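Notes follow once the structure below has been shown.
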Amino acid sequence: MVLIGYHASHEQVPPSRLLAAVVRAEEAGFDAAMCSDHLAPWGVRQGESGYAWSWLGAALASTSFSLGVVSAPGQRYHPVITAQAIATLEEMFPRRFWAALGSGEAVNEHVTGDRWPSKDRRNARLEESVEVIRRLLAGDEVTHRGEISVHRARVWSRPASPPPLLGAAVTAETAAWVARWADGLATVAQPPEVLEKVVTAYRDAGGSGPRVLQVHVSLEDTDAAALSVLREQWRHAAISGSLWDIEQPEDFDALAGNPTDAQLRAGALASDDASELADRIAALAAFGFDRVYLHGVTTDQAAFLDRAERDLLPALRRAL
């Protein structure tokens, strides 16, 4: 059975309202939740970016299902700090937390003033960070020199066993690379032919564990309204090429410009029909995902969750 989760978008909703939303998501029938970990939003109109790790503690304390986060150790976060945060959440809420670790995005990381590395250097930094985090969660004292530096670090408050550390990947090449160290794969919905290659690359490289898919959706009363929400809140997804080297929300807005309806539809699933939307989500999940997290891109999460409870979740469970 495919787990159906709720994605909490810190870039769009103030943390207090997002906390109420994740509580409502459990009430509405979602099986689990996950969240983003951003310092800045993708665009000026989104206008928010609460601190994920503080929010996660409150969210786990306010719900009973599992929560995960996609985060990037190595620049804005030293991996020792990431390890301590992971250990604390898992110690307080055993078997309810997971983290997907990625190589980062300049929009969040540039604030340290350090040079933004090339992709190969970012991957090397991530792999070293994961190794350090795993050793610290195991109780080791760690000293390390390489892409990151660690001096005699220990994490003192640790869980009985460490939580899963998944690998975040959006390309087939990265998916194959994370397969050698990750406890699972986390990716985002893309055109079917691209998404299939990501899953296949992970599997063929020996990747194991859960396969997590995040899907951006706009479900409104009319198709025009669904597109309007995308244009207001998620038009950066229409940018061609890499998003990882862009530094400011204003830069995302400028690069997105005024996308066509077709370009907007390529970046998220838009519909006024919950059953049709459920079928499209199920078709993506069929590539080999056992967890699907839905991100309603509207800022009106109360309305999205009401519609999910009434229409989308029942339709999706039938389709899966």
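The way I read the labels, and the way they are meant: chains A, B, ... in the order of the structure tokens, residue 1 as the first residue of every chain, and ligand 1 as the first ligand shown, with later ones counted on from there.
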| Exercise: Asp223 (chain A) partners within 10 Å, only C-alpha atoms, chain neighbours under 5 positions left out, as a ChimeraX atom specification | /A:218,228,270-273
Can you write just those residues out, N, CA and C atoms, as a PDB file, in the first residue's frame?
ATOM      1  N   SER A 218      -2.234  21.773  -7.798  1.00  0.00           N
ATOM      2  CA  SER A 218      -3.137  22.919  -7.645  1.00  0.00           C
ATOM      3  C   SER A 218      -4.533  22.426  -7.971  1.00  0.00           C
ATOM      4  N   SER A 228      -4.263  30.035 -12.005  1.00  0.00           N
ATOM      5  CA  SER A 228      -3.997  31.314 -11.355  1.00  0.00           C
ATOM      6  C   SER A 228      -3.184  31.131 -10.084  1.00  0.00           C
ATOM      7  N   ALA A 270      -2.211  20.688 -12.292  1.00  0.00           N
ATOM      8  CA  ALA A 270      -3.314  21.622 -12.057  1.00  0.00           C
ATOM      9  C   ALA A 270      -4.611  21.012 -12.571  1.00  0.00           C
ATOM     10  N   SER A 271      -5.679  21.134 -11.768  1.00  0.00           N
ATOM     11  CA  SER A 271      -6.955  20.557 -12.180  1.00  0.00           C
ATOM     12  C   SER A 271      -8.084  21.099 -11.317  1.00  0.00           C
ATOM     13  N   ASP A 272      -9.303  20.965 -11.854  1.00  0.00           N
ATOM     14  CA  ASP A 272     -10.500  21.238 -11.056  1.00  0.00           C
ATOM     15  C   ASP A 272     -11.243  19.936 -10.741  1.00  0.00           C
ATOM     16  N   ASP A 273     -10.647  18.812 -11.106  1.00  0.00           N
ATOM     17  CA  ASP A 273     -11.276  17.500 -10.971  1.00  0.00           C
ATOM     18  C   ASP A 273     -10.383  16.608 -10.099  1.00  0.00           C
TER      19      ASP A 273
END
| message | If we count only C-alpha atoms and set the cut-off at 6 Å, which residues sit around region 156-163 of chain A, ignoring sequence neighbours fewer than 5 positions away in its own chain? Please answer as number ranges by chain. | response | A: 87, 90-91, 98
Just-selected residues, N, CA and C atoms written as a compact mmCIF listing (two decimals), in the first residue's frame:
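Result saved to part09.txt:
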# COMPACT_ATOMS: atom_id res chain seq x y z
N ALA A 87 19.37 13.77 15.95
CA ALA A 87 19.40 12.92 17.14
C ALA A 87 18.34 13.35 18.15
N GLU A 90 14.75 12.40 16.90
CA GLU A 90 14.51 10.95 16.94
C GLU A 90 14.48 10.43 18.38
N GLU A 91 15.27 11.02 19.27
CA GLU A 91 15.24 10.59 20.67
C GLU A 91 13.88 10.92 21.30
N TRP A 98 12.38 11.16 9.77
CA TRP A 98 13.39 10.83 8.78
C TRP A 98 13.89 12.13 8.15
| task | Write out as a VMD selection string each polymer residue whose atoms come within 12 Å of region 10-22 of chain A, counting only C-alpha atoms; drop sequence neighbours fewer than 6 positions from it. | result | chain A and resid 28 to 67 69 to 70 107 to 108 232 to 234 249 295 to 306
| task | Just list the residues in region 51-196 of chain A DSSP gives strand (DSSP E or B) on the backbone, as a ChimeraX atom specification. | result | /A:66-71,73,77,97-101,142-145,149-153,165-168,185-188
Write out, as a PDB file, in the first residue's frame, the residues just selected, with C-alpha atoms.
ATOM      1  CA  SER A  66       5.720  10.443  10.991  1.00  0.00           C
ATOM      2  CA  LEU A  67       7.406  13.559   9.665  1.00  0.00           C
ATOM      3  CA  GLY A  68      10.420  14.062   7.452  1.00  0.00           C
ATOM      4  CA  VAL A  69      12.501  16.960   6.201  1.00  0.00           C
ATOM      5  CA  VAL A  70      14.669  17.639   3.156  1.00  0.00           C
ATOM      6  CA  SER A  71      17.825  19.407   4.316  1.00  0.00           C
ATOM      7  CA  PRO A  73      24.278  19.812   5.543  1.00  0.00           C
ATOM      8  CA  TYR A  77      24.455  23.845   8.517  1.00  0.00           C
ATOM      9  CA  PHE A  97      11.301  11.047  11.946  1.00  0.00           C
ATOM     10  CA  TRP A  98      13.395  10.834   8.776  1.00  0.00           C
ATOM     11  CA  ALA A  99      15.658  13.201   6.895  1.00  0.00           C
ATOM     12  CA  ALA A 100      16.453  13.378   3.193  1.00  0.00           C
ATOM     13  CA  LEU A 101      19.856  14.975   2.691  1.00  0.00           C
ATOM     14  CA  VAL A 142      34.662  12.441  15.105  1.00  0.00           C
ATOM     15  CA  THR A 143      37.553  14.396  13.685  1.00  0.00           C
ATOM     16  CA  HIS A 144      37.539  14.938   9.938  1.00  0.00           C
ATOM     17  CA  ARG A 145      39.371  17.011   7.342  1.00  0.00           C
ATOM     18  CA  SER A 149      36.224  20.081   8.915  1.00  0.00           C
ATOM     19  CA  VAL A 150      35.256  18.504  12.217  1.00  0.00           C
ATOM     20  CA  HIS A 151      37.288  18.546  15.425  1.00  0.00           C
ATOM     21  CA  ARG A 152      36.610  16.001  18.180  1.00  0.00           C
ATOM     22  CA  ALA A 153      32.832  16.262  17.956  1.00  0.00           C
ATOM     23  CA  LEU A 165      18.842   9.149   6.096  1.00  0.00           C
ATOM     24  CA  LEU A 166      17.475   9.297   2.571  1.00  0.00           C
ATOM     25  CA  GLY A 167      19.195  10.825  -0.446  1.00  0.00           C
ATOM     26  CA  ALA A 168      17.551  13.755  -2.248  1.00  0.00           C
ATOM     27  CA  LEU A 185      15.350   8.017  -2.302  1.00  0.00           C
ATOM     28  CA  ALA A 186      13.451  11.312  -2.142  1.00  0.00           C
ATOM     29  CA  THR A 187      12.601  13.147  -5.345  1.00  0.00           C
ATOM     30  CA  VAL A 188      10.026  15.471  -6.860  1.00  0.00           C
TER      31      VAL A 188
END
| field | DSSP alpha helix (DSSP H) residues within region 7-243 of chain A, listed as a PyMOL selection string | value | chain A and resi 15-28+52-62+79-92+106-109+119-137+172-178+192-204+223-233
| field | Å distance separating CA of Ala189 (chain A) from CA of Gly207 (chain A), one decimal place | value |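 Atom-to-atom, CA of Ala189 (chain A) to CA of Gly207 (chain A), that is 18.8 Å.
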| said: When you count only C-alpha atoms, which of these residues is closest to Arg154 (chain A): A:Ser103, A:Gln84, A:Ser275, A:Gln75? | reply: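 Closest to Arg154 (chain A) of all the choices is A:Gln84.
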| task | Go ahead and compute the interatomic distance for CA of Pro191 (chain A) and CA of Ala268 (chain A), in Å to one decimal. | result |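 Separating CA of Pro191 (chain A) from CA of Ala268 (chain A) is a distance of 9.7 Å.
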